[in-house]
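Data from work06.pdb: PDB, C-alpha atoms and all ligand atoms
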```
ATOM      1  CA  MET A  21     -17.636  -8.592   4.935  1.00  0.00           C
ATOM      2  CA  GLU A  22     -19.983 -11.187   3.456  1.00  0.00           C
ATOM      3  CA  PRO A  23     -18.540 -14.691   3.197  1.00  0.00           C
ATOM      4  CA  ALA A  24     -17.811 -16.135  -0.237  1.00  0.00           C
ATOM      5  CA  ARG A  25     -18.934 -19.604  -1.307  1.00  0.00           C
ATOM      6  CA  ILE A  26     -16.929 -22.148  -3.275  1.00  0.00           C
ATOM      7  CA  ARG A  27     -18.413 -22.312  -6.777  1.00  0.00           C
ATOM      8  CA  THR A  28     -16.330 -25.068  -8.386  1.00  0.00           C
ATOM      9  CA  GLN A  29     -13.052 -26.870  -7.877  1.00  0.00           C
ATOM     10  CA  VAL A  30     -10.979 -28.601 -10.507  1.00  0.00           C
ATOM     11  CA  ASP A  31      -7.482 -30.082 -10.870  1.00  0.00           C
ATOM     12  CA  ILE A  32      -4.890 -28.304 -13.007  1.00  0.00           C
ATOM     13  CA  PRO A  33      -1.483 -29.888 -13.589  1.00  0.00           C
ATOM     14  CA  LEU A  34       1.000 -27.004 -13.821  1.00  0.00           C
ATOM     15  CA  ARG A  35       4.223 -26.962 -15.784  1.00  0.00           C
ATOM     16  CA  PHE A  36       6.269 -23.778 -15.864  1.00  0.00           C
ATOM     17  CA  ALA A  37       8.564 -22.643 -18.669  1.00  0.00           C
ATOM     18  CA  ASP A  38      11.625 -24.015 -16.864  1.00  0.00           C
ATOM     19  CA  GLY A  39      10.028 -27.454 -16.566  1.00  0.00           C
ATOM     20  CA  TYR A  40       9.021 -27.266 -12.905  1.00  0.00           C
ATOM     21  CA  ALA A  41       5.740 -29.120 -12.451  1.00  0.00           C
ATOM     22  CA  ALA A  42       3.210 -29.098  -9.627  1.00  0.00           C
ATOM     23  CA  HIS A  43      -0.324 -30.261  -9.107  1.00  0.00           C
ATOM     24  CA  ALA A  44      -2.880 -27.548  -8.359  1.00  0.00           C
ATOM     25  CA  ARG A  45      -6.473 -27.727  -7.188  1.00  0.00           C
ATOM     26  CA  ALA A  46      -8.207 -24.567  -8.471  1.00  0.00           C
ATOM     27  CA  PHE A  47     -11.154 -23.053  -6.620  1.00  0.00           C
ATOM     28  CA  THR A  48     -13.661 -20.543  -8.015  1.00  0.00           C
ATOM     29  CA  PHE A  49     -16.080 -18.574  -5.886  1.00  0.00           C
ATOM     30  CA  HIS A  50     -19.491 -16.993  -5.644  1.00  0.00           C
ATOM     31  CA  GLY A  51     -19.903 -13.770  -3.705  1.00  0.00           C
ATOM     32  CA  LEU A  52     -16.498 -12.108  -4.033  1.00  0.00           C
ATOM     33  CA  VAL A  53     -17.107  -8.451  -3.218  1.00  0.00           C
ATOM     34  CA  ASP A  54     -15.739  -6.911  -6.414  1.00  0.00           C
ATOM     35  CA  GLY A  55     -17.367  -9.424  -8.760  1.00  0.00           C
ATOM     36  CA  GLY A  56     -13.977 -10.401 -10.233  1.00  0.00           C
ATOM     37  CA  GLU A  57     -12.971 -13.897 -11.341  1.00  0.00           C
ATOM     38  CA  HIS A  58     -10.246 -14.407  -8.752  1.00  0.00           C
ATOM     39  CA  LEU A  59      -8.673 -17.823  -8.305  1.00  0.00           C
ATOM     40  CA  ALA A  60      -7.317 -19.833  -5.396  1.00  0.00           C
ATOM     41  CA  LEU A  61      -4.861 -22.642  -6.155  1.00  0.00           C
ATOM     42  CA  ARG A  62      -4.175 -25.238  -3.496  1.00  0.00           C
ATOM     43  CA  LEU A  63      -0.687 -26.663  -3.895  1.00  0.00           C
ATOM     44  CA  GLY A  64       0.860 -29.580  -2.080  1.00  0.00           C
ATOM     45  CA  GLU A  65      -0.711 -31.532   0.726  1.00  0.00           C
ATOM     46  CA  ARG A  66      -1.262 -30.435   4.249  1.00  0.00           C
ATOM     47  CA  ARG A  67      -3.981 -30.392   6.816  1.00  0.00           C
ATOM     48  CA  LEU A  68      -5.244 -26.839   6.947  1.00  0.00           C
ATOM     49  CA  ALA A  69      -4.560 -25.007  10.164  1.00  0.00           C
ATOM     50  CA  SER A  70      -7.445 -23.300  11.838  1.00  0.00           C
ATOM     51  CA  ARG A  71      -7.030 -24.151  15.496  1.00  0.00           C
ATOM     52  CA  ARG A  72      -4.663 -22.108  17.561  1.00  0.00           C
ATOM     53  CA  GLY A  73      -1.348 -23.846  17.989  1.00  0.00           C
ATOM     54  CA  ASP A  74      -1.388 -25.430  14.533  1.00  0.00           C
ATOM     55  CA  ALA A  75       1.208 -24.208  12.080  1.00  0.00           C
ATOM     56  CA  PRO A  76      -0.211 -21.447   9.893  1.00  0.00           C
ATOM     57  CA  THR A  77      -0.955 -22.154   6.224  1.00  0.00           C
ATOM     58  CA  LEU A  78       1.602 -20.804   3.738  1.00  0.00           C
ATOM     59  CA  VAL A  79      -0.100 -18.347   1.372  1.00  0.00           C
ATOM     60  CA  ARG A  80       1.008 -16.143  -1.506  1.00  0.00           C
ATOM     61  CA  VAL A  81      -1.384 -13.400  -2.652  1.00  0.00           C
ATOM     62  CA  HIS A  82      -0.279 -12.722  -6.226  1.00  0.00           C
ATOM     63  CA  SER A  83      -1.660  -9.890  -8.337  1.00  0.00           C
ATOM     64  CA  GLU A  84      -2.172 -10.671 -12.001  1.00  0.00           C
ATOM     65  CA  CYS A  85       0.541  -9.362 -14.322  1.00  0.00           C
ATOM     66  CA  LEU A  86      -0.054 -10.380 -17.922  1.00  0.00           C
ATOM     67  CA  THR A  87       3.264  -9.017 -19.134  1.00  0.00           C
ATOM     68  CA  GLY A  88       5.310 -10.596 -16.347  1.00  0.00           C
ATOM     69  CA  ASP A  89       3.404 -13.820 -15.620  1.00  0.00           C
ATOM     70  CA  VAL A  90       2.573 -14.823 -19.197  1.00  0.00           C
ATOM     71  CA  LEU A  91       5.019 -13.033 -21.467  1.00  0.00           C
ATOM     72  CA  GLY A  92       8.082 -13.087 -19.219  1.00  0.00           C
ATOM     73  CA  SER A  93       8.518  -9.311 -19.207  1.00  0.00           C
ATOM     74  CA  GLU A  94      11.680  -8.224 -17.438  1.00  0.00           C
ATOM     75  CA  ARG A  95      10.198  -4.851 -16.478  1.00  0.00           C
ATOM     76  CA  CYS A  96       9.015  -6.373 -13.200  1.00  0.00           C
ATOM     77  CA  ASP A  97       9.658  -9.426 -11.034  1.00  0.00           C
ATOM     78  CA  CYS A  98       6.129 -10.903 -11.122  1.00  0.00           C
ATOM     79  CA  GLY A  99       6.908 -13.965 -13.246  1.00  0.00           C
ATOM     80  CA  PRO A 100       9.848 -15.171 -11.128  1.00  0.00           C
ATOM     81  CA  GLN A 101       7.865 -14.422  -7.949  1.00  0.00           C
ATOM     82  CA  LEU A 102       4.930 -16.511  -9.164  1.00  0.00           C
ATOM     83  CA  ARG A 103       7.225 -19.379 -10.104  1.00  0.00           C
ATOM     84  CA  GLU A 104       9.058 -19.229  -6.752  1.00  0.00           C
ATOM     85  CA  ALA A 105       5.801 -19.091  -4.807  1.00  0.00           C
ATOM     86  CA  ALA A 106       4.368 -22.128  -6.598  1.00  0.00           C
ATOM     87  CA  GLU A 107       7.345 -24.275  -5.623  1.00  0.00           C
ATOM     88  CA  ARG A 108       7.649 -23.025  -2.057  1.00  0.00           C
ATOM     89  CA  ILE A 109       3.943 -23.537  -1.392  1.00  0.00           C
ATOM     90  CA  ALA A 110       3.859 -26.959  -3.097  1.00  0.00           C
ATOM     91  CA  GLU A 111       6.702 -28.116  -0.822  1.00  0.00           C
ATOM     92  CA  VAL A 112       4.716 -27.606   2.372  1.00  0.00           C
ATOM     93  CA  GLY A 113       1.112 -27.282   1.193  1.00  0.00           C
ATOM     94  CA  GLY A 114      -0.849 -24.054   1.060  1.00  0.00           C
ATOM     95  CA  PHE A 115      -2.610 -21.623  -1.210  1.00  0.00           C
ATOM     96  CA  LEU A 116      -1.610 -19.375  -4.082  1.00  0.00           C
ATOM     97  CA  LEU A 117      -4.268 -16.712  -4.597  1.00  0.00           C
ATOM     98  CA  TYR A 118      -4.260 -15.221  -8.085  1.00  0.00           C
ATOM     99  CA  LEU A 119      -5.992 -11.847  -7.940  1.00  0.00           C
ATOM    100  CA  ARG A 120      -7.140 -10.143 -11.128  1.00  0.00           C
ATOM    101  CA  GLN A 121      -5.545  -6.839 -10.191  1.00  0.00           C
ATOM    102  CA  GLU A 122      -3.434  -6.023 -13.207  1.00  0.00           C
ATOM    103  CA  GLY A 123      -1.068  -3.096 -12.746  1.00  0.00           C
ATOM    104  CA  ARG A 124      -1.704  -2.719  -8.993  1.00  0.00           C
ATOM    105  CA  GLY A 125      -5.380  -2.344  -9.793  1.00  0.00           C
ATOM    106  CA  ILE A 126      -5.239   0.185 -12.635  1.00  0.00           C
ATOM    107  CA  GLY A 127      -5.591  -2.315 -15.494  1.00  0.00           C
ATOM    108  CA  LEU A 128      -3.407  -3.489 -18.361  1.00  0.00           C
ATOM    109  CA  TYR A 129      -3.608  -0.519 -20.721  1.00  0.00           C
ATOM    110  CA  ALA A 130      -3.015   1.977 -17.916  1.00  0.00           C
ATOM    111  CA  LYS A 131      -0.050  -0.098 -16.749  1.00  0.00           C
ATOM    112  CA  LEU A 132       1.479   0.115 -20.217  1.00  0.00           C
ATOM    113  CA  ASP A 133       0.802   3.869 -20.231  1.00  0.00           C
ATOM    114  CA  ALA A 134       2.647   4.031 -16.909  1.00  0.00           C
ATOM    115  CA  TYR A 135       5.582   2.148 -18.465  1.00  0.00           C
ATOM    116  CA  ALA A 136       5.795   4.864 -21.120  1.00  0.00           C
ATOM    117  CA  LEU A 137       5.913   7.507 -18.386  1.00  0.00           C
ATOM    118  CA  GLN A 138       8.610   5.524 -16.586  1.00  0.00           C
ATOM    119  CA  ASP A 139      10.647   5.550 -19.789  1.00  0.00           C
ATOM    120  CA  ALA A 140      10.335   9.344 -19.588  1.00  0.00           C
ATOM    121  CA  GLY A 141      11.852   9.320 -16.099  1.00  0.00           C
ATOM    122  CA  LEU A 142       9.064   8.767 -13.542  1.00  0.00           C
ATOM    123  CA  ASP A 143       9.154   5.811 -11.173  1.00  0.00           C
ATOM    124  CA  THR A 144       6.373   3.227 -11.017  1.00  0.00           C
ATOM    125  CA  TYR A 145       4.390   5.066  -8.327  1.00  0.00           C
ATOM    126  CA  GLU A 146       4.869   8.574  -9.743  1.00  0.00           C
ATOM    127  CA  ALA A 147       3.673   7.251 -13.098  1.00  0.00           C
ATOM    128  CA  ASN A 148       0.422   5.966 -11.589  1.00  0.00           C
ATOM    129  CA  LEU A 149      -0.165   9.340  -9.941  1.00  0.00           C
ATOM    130  CA  ALA A 150       0.543  11.141 -13.223  1.00  0.00           C
ATOM    131  CA  LEU A 151      -2.208   9.037 -14.804  1.00  0.00           C
ATOM    132  CA  GLY A 152      -4.637  10.214 -12.128  1.00  0.00           C
ATOM    133  CA  ARG A 153      -4.607   6.845 -10.367  1.00  0.00           C
ATOM    134  CA  GLY A 154      -3.564   5.801  -6.897  1.00  0.00           C
ATOM    135  CA  GLU A 155      -0.016   4.666  -6.211  1.00  0.00           C
ATOM    136  CA  ASP A 156      -1.453   1.274  -5.376  1.00  0.00           C
ATOM    137  CA  GLU A 157      -5.200   0.659  -5.815  1.00  0.00           C
ATOM    138  CA  ARG A 158      -5.189  -2.939  -4.646  1.00  0.00           C
ATOM    139  CA  ASP A 159      -7.670  -3.994  -2.024  1.00  0.00           C
ATOM    140  CA  TYR A 160      -7.304  -7.447  -0.496  1.00  0.00           C
ATOM    141  CA  THR A 161     -10.881  -7.989   0.655  1.00  0.00           C
ATOM    142  CA  VAL A 162     -11.424 -10.745  -1.921  1.00  0.00           C
ATOM    143  CA  ALA A 163      -8.234 -12.452  -0.748  1.00  0.00           C
ATOM    144  CA  ALA A 164      -9.533 -12.476   2.819  1.00  0.00           C
ATOM    145  CA  GLN A 165     -12.908 -13.788   1.616  1.00  0.00           C
ATOM    146  CA  MET A 166     -11.253 -16.670  -0.252  1.00  0.00           C
ATOM    147  CA  LEU A 167      -8.948 -17.576   2.635  1.00  0.00           C
ATOM    148  CA  LEU A 168     -11.731 -17.591   5.210  1.00  0.00           C
ATOM    149  CA  THR A 169     -13.945 -19.655   2.881  1.00  0.00           C
ATOM    150  CA  LEU A 170     -11.115 -22.164   2.418  1.00  0.00           C
ATOM    151  CA  GLY A 171     -10.562 -22.431   6.170  1.00  0.00           C
ATOM    152  CA  ALA A 172      -7.159 -20.744   6.033  1.00  0.00           C
ATOM    153  CA  ASP A 173      -7.830 -18.164   8.721  1.00  0.00           C
ATOM    154  CA  ARG A 174      -4.285 -18.284  10.102  1.00  0.00           C
ATOM    155  CA  ILE A 175      -1.534 -17.886   7.552  1.00  0.00           C
ATOM    156  CA  THR A 176       2.140 -17.345   6.933  1.00  0.00           C
ATOM    157  CA  LEU A 177       2.231 -14.746   4.182  1.00  0.00           C
ATOM    158  CA  LEU A 178       4.866 -15.172   1.479  1.00  0.00           C
ATOM    159  CA  SER A 179       5.416 -11.523   0.564  1.00  0.00           C
ATOM    160  CA  ASN A 180       7.733  -8.549   0.799  1.00  0.00           C
ATOM    161  CA  ASN A 181       4.814  -6.113   0.989  1.00  0.00           C
ATOM    162  CA  PRO A 182       3.867  -5.109   4.552  1.00  0.00           C
ATOM    163  CA  ASP A 183       0.585  -3.574   3.330  1.00  0.00           C
ATOM    164  CA  LYS A 184      -0.772  -6.989   2.297  1.00  0.00           C
ATOM    165  CA  ALA A 185      -0.296  -8.457   5.758  1.00  0.00           C
ATOM    166  CA  ALA A 186      -1.789  -5.394   7.435  1.00  0.00           C
ATOM    167  CA  GLN A 187      -4.865  -5.416   5.187  1.00  0.00           C
ATOM    168  CA  LEU A 188      -5.457  -9.148   5.645  1.00  0.00           C
ATOM    169  CA  GLN A 189      -5.047  -8.851   9.396  1.00  0.00           C
ATOM    170  CA  ALA A 190      -7.622  -6.031   9.458  1.00  0.00           C
ATOM    171  CA  LEU A 191      -9.973  -8.220   7.406  1.00  0.00           C
ATOM    172  CA  GLY A 192      -9.975 -11.040   9.946  1.00  0.00           C
ATOM    173  CA  VAL A 193      -7.163 -13.293   8.694  1.00  0.00           C
ATOM    174  CA  ASP A 194      -4.578 -13.937  11.386  1.00  0.00           C
ATOM    175  CA  VAL A 195      -1.081 -13.304   9.941  1.00  0.00           C
ATOM    176  CA  PRO A 196       1.380 -14.183  12.712  1.00  0.00           C
ATOM    177  CA  GLU A 197       4.285 -14.417  10.301  1.00  0.00           C
ATOM    178  CA  GLN A 198       5.427 -12.986   6.997  1.00  0.00           C
ATOM    179  CA  VAL A 199       8.284 -14.560   5.038  1.00  0.00           C
ATOM    180  CA  PRO A 200      10.064 -12.720   2.233  1.00  0.00           C
ATOM    181  CA  THR A 201      10.297 -13.945  -1.329  1.00  0.00           C
ATOM    182  CA  GLY A 202      13.651 -14.066  -3.073  1.00  0.00           C
ATOM    183  CA  VAL A 203      15.067 -11.092  -4.921  1.00  0.00           C
ATOM    184  CA  HIS A 204      14.684 -11.444  -8.692  1.00  0.00           C
ATOM    185  CA  LEU A 205      16.856  -8.623  -9.940  1.00  0.00           C
ATOM    186  CA  SER A 206      17.689  -7.921 -13.569  1.00  0.00           C
ATOM    187  CA  ALA A 207      19.066  -4.903 -15.416  1.00  0.00           C
ATOM    188  CA  ALA A 208      15.561  -4.192 -16.715  1.00  0.00           C
ATOM    189  CA  ASN A 209      13.735  -4.279 -13.370  1.00  0.00           C
ATOM    190  CA  ALA A 210      16.327  -2.745 -11.025  1.00  0.00           C
ATOM    191  CA  ALA A 211      14.724   0.712 -11.014  1.00  0.00           C
ATOM    192  CA  TYR A 212      11.274  -0.821 -10.479  1.00  0.00           C
ATOM    193  CA  LEU A 213      12.417  -2.861  -7.476  1.00  0.00           C
ATOM    194  CA  GLU A 214      14.275   0.101  -6.043  1.00  0.00           C
ATOM    195  CA  ALA A 215      11.089   2.184  -6.242  1.00  0.00           C
ATOM    196  CA  LYS A 216       9.126  -0.557  -4.445  1.00  0.00           C
ATOM    197  CA  VAL A 217      11.607  -0.515  -1.580  1.00  0.00           C
ATOM    198  CA  ARG A 218      11.691   3.281  -1.350  1.00  0.00           C
ATOM    199  CA  HIS A 219       7.938   3.893  -1.570  1.00  0.00           C
ATOM    200  CA  THR A 220       6.253   1.085   0.294  1.00  0.00           C
ATOM    201  CA  ALA A 221       8.811  -0.282   2.715  1.00  0.00           C
ATOM    202  CA  HIS A 222       9.077  -3.503   0.747  1.00  0.00           C
ATOM    203  CA  THR A 223      11.450  -5.826   2.568  1.00  0.00           C
ATOM    204  CA  LEU A 224      13.586  -6.628  -0.482  1.00  0.00           C
ATOM    205  CA  ASP A 225      17.253  -6.312   0.361  1.00  0.00           C
ATOM    206  CA  LEU A 226      18.761  -5.265  -2.963  1.00  0.00           C
ATOM    207  CA  SER A 227      22.189  -4.832  -1.336  1.00  0.00           C
ATOM    208  CA  LEU A 228      22.473  -8.614  -1.051  1.00  0.00           C
ATOM    209  CA  VAL A 229      22.440  -8.999  -4.809  1.00  0.00           C
ATOM    210  CA  GLY A 230      25.802  -8.624  -6.433  1.00  0.00           C
TER     211      GLY A 230
HETATM  212 ZN    ZN A 301       4.585  -7.499 -13.143  1.00  0.00          ZN
END
```
Could you quickly redo this structure as structure tokens?
Amino acid sequence: MEPARIRTQVDIPLRFADGYAAHARAFTFHGLVDGGEHLALRLGERRLASRRGDAPTLVRVHSECLTGDVLGSERCDCGPQLREAAERIAEVGGFLLYLRQEGRGIGLYAKLDAYALQDAGLDTYEANLALGRGEDERDYTVAAQMLLTLGADRITLLSNNPDKAAQLQALGVDVPEQVPTGVHLSAANAAYLEAKVRHTAHTLDLSLVG
């Protein structure tokens, strides 16, 4: 894996729809393997851990979801997860990686096609397969490139997805700990979250939600 290089960095004051505000330092890169315009946001203040024995850096690897992140779609839990991650990372200092992997890598239009199939009774993974796509086409090589370039080679991963930690570990990022995100359950996304748990061993505990 070729290293990436930092291309630019710039400050972005964030304010979410609920009023929560945080200061972000955005990094862009040269040399990301898929040529995509992926973003790393540094939130909060902390000395980055790289030596053994230092506390790992808190990191969320978030995949772009236009409908959930921007429009507030209730078909998934991406928007609330992004909002939660921003606050939790800002509290202790760390990185939020925003990967341009709409629809688990299949793209926006295909994701909407998959929604239509879900309305006909398939779950989120079966719908991707019916479209001739993988259940989950995401590859986290660019995430590992960004983290290693930023000096965050030892991280605590904020995620319920065991595949992310395994891929990052295989790509040379030490992930000694994974911490779950909260459960953001609504009537509209219950079937989607249930499919995530069933298919990919997501660590969401839906039984805890009343
Ligand atoms: Zn989403």
Report as a list in words which protein, DNA and RNA residues come within 6 Å of ligand ZN 301 (chain A), using only C-alpha atoms and all ligand atoms.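 Counting only what the definition allows, namely only C-alpha atoms and all ligand atoms, the set is Cys85, Gly88, Cys96, Asp97 and Cys98 of chain A.
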Env of Leu177 of chain A: 12 Å cut, atoms = only C-alpha atoms, seq-sep filter 2 positions within chain, self excluded. Answer as a VMD selection string. chain A and resid 76 to 82 105 108 to 109 114 to 117 163 167 172 to 175 179 to 189 193 to 201
From the options A:Arg27, A:Arg95, A:Arg103, A:Arg35, which residue's atoms come nearest to Ala60 of chain A, counting only C-alpha atoms?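 For Ala60 of chain A, the nearest of the given residues is A:Arg27.
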Step by step, work through what the PyMOL selection byres (((chain A and resi 161) around 9) and not hetatm) selects in the shown file, and finish by giving those residues as a ChimeraX atom specification. /A:21,52-54,159-160,162-166,187-188,191
Mind pulling up the distance from atom CA of Arg62 of chain A to atom CA of Thr169 of chain A?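 Rounded to one decimal, the two atoms are 12.9 Å apart.
The result of the PyMOL selection byres (((chain A and resi 90) around 12) and not hetatm) on the shown file is A:Phe36, A:Ala37, A:Glu84, A:Cys85, A:Leu86, A:Thr87, A:Gly88, A:Asp89, A:Leu91, A:Gly92, A:Ser93, A:Glu94, A:Cys98, A:Gly99, A:Pro100, A:Leu102, A:Arg103.
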Those residues with C-alpha atoms, as an mmCIF file, keeping the file's coordinate frame please?
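Okay, result39.cif is ready:
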```cif
data_model
loop_
_atom_site.group_PDB
_atom_site.id
_atom_site.type_symbol
_atom_site.label_atom_id
_atom_site.label_comp_id
_atom_site.auth_asym_id
_atom_site.auth_seq_id
_atom_site.Cartn_x
_atom_site.Cartn_y
_atom_site.Cartn_z
ATOM 1 C CA PHE A 36 6.269 -23.778 -15.864
ATOM 2 C CA ALA A 37 8.564 -22.643 -18.669
ATOM 3 C CA GLU A 84 -2.172 -10.671 -12.001
ATOM 4 C CA CYS A 85 0.541 -9.362 -14.322
ATOM 5 C CA LEU A 86 -0.054 -10.380 -17.922
ATOM 6 C CA THR A 87 3.264 -9.017 -19.134
ATOM 7 C CA GLY A 88 5.310 -10.596 -16.347
ATOM 8 C CA ASP A 89 3.404 -13.820 -15.620
ATOM 9 C CA LEU A 91 5.019 -13.033 -21.467
ATOM 10 C CA GLY A 92 8.082 -13.087 -19.219
ATOM 11 C CA SER A 93 8.518 -9.311 -19.207
ATOM 12 C CA GLU A 94 11.680 -8.224 -17.438
ATOM 13 C CA CYS A 98 6.129 -10.903 -11.122
ATOM 14 C CA GLY A 99 6.908 -13.965 -13.246
ATOM 15 C CA PRO A 100 9.848 -15.171 -11.128
ATOM 16 C CA LEU A 102 4.930 -16.511 -9.164
ATOM 17 C CA ARG A 103 7.225 -19.379 -10.104
#
```
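Atom CA of Leu149 of chain A is found 16.0 Å from atom CA of Glu122 of chain A.
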Separation of atom CA of Tyr40 of chain A from atom CA of Ala110 of chain A, in Å and rounded to one decimal: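 Separation of atom CA of Tyr40 of chain A and atom CA of Ala110 of chain A: 11.1 Å.
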Centre and size of axis-aligned box enclosing segment 134-145 of chain A plus 6 Å each side, as JSON:
```
{"center_x": 7.2, "center_y": 5.7, "center_z": -14.7, "size_x": 21.2, "size_y": 19.2, "size_z": 24.8}
```
Name the residues captured by the PyMOL selection byres (((chain A and resi 148) around 10) and not hetatm) when it is applied to the shown file; answer as a PyMOL selection string. chain A and resi 123-124+126+130-131+133-135+137-138+142-147+149-157
Using all atoms listed in the file: which of A:Arg45, A:Leu178, A:Arg158, A:Gly141 has the shortest distance to Ala211 of chain A: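 Closest residue, counting all atoms listed in the file: A:Gly141.
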